[in-house]
Amino acid sequence: MVGPRPLTRNEIEENFNFADQKKLLSCKTGLTGNWGTYGRSVITFESGERQRMELEYVEKRSTLFDLKLIFATVGSVLRGKGAQ
């Protein structure tokens with residue numbers, strides 16, 4: 001349920017170096033994650049921030065971090081934060 005958002009092959013190849021691609025693909029994708037909760041539509045690949053946020057999830061993943069993201073996601077959705 002929690003993990004990096006699904007990306008297309010082109011998004012992965014264009015925005016992540018080989019080592020980071022392997023790291024990102026080592027983790028199952030999810031309905032919500034670090035970028036989906038805190039970035040959504042306001043953080044893009046161009047700034048490099050989305051890549052950092054997706055990889056940060058892979059490095060920090062744990063049950064406690066997942067629970068934090070689930071609760072934060074509910075708050076973000078209710079507030080409409082980052083939605084367009």
# chains A, B, ... in the order shown; residues from 1 in each chain; ligands from 1
$ residues_around --residues "region 17-33 of chain A" --least-positions-apart "4" --cutoff "8 Å" --atoms "only C-alpha atoms" --output "ChimeraX atom specification"
/A:1-6,12-13,37,54-55,57-58,66,69-70,73
$ select_by_dssp --residues "chain A" --states "helix (DSSP H, G or I)" --output "VMD selection string"
chain A and resid 9 to 15 18 to 25 34 to 38 40 to 42 49 to 60 63 to 79
$ atom_distance --atom1 "CA of Glu11 (chain A)" --atom2 "CA of Phe45 (chain A)"
8.7 Å
$ atom_distance --atom1 "CA of Arg9 (chain A)" --atom2 "CA of Ser62 (chain A)"
25.8 Å
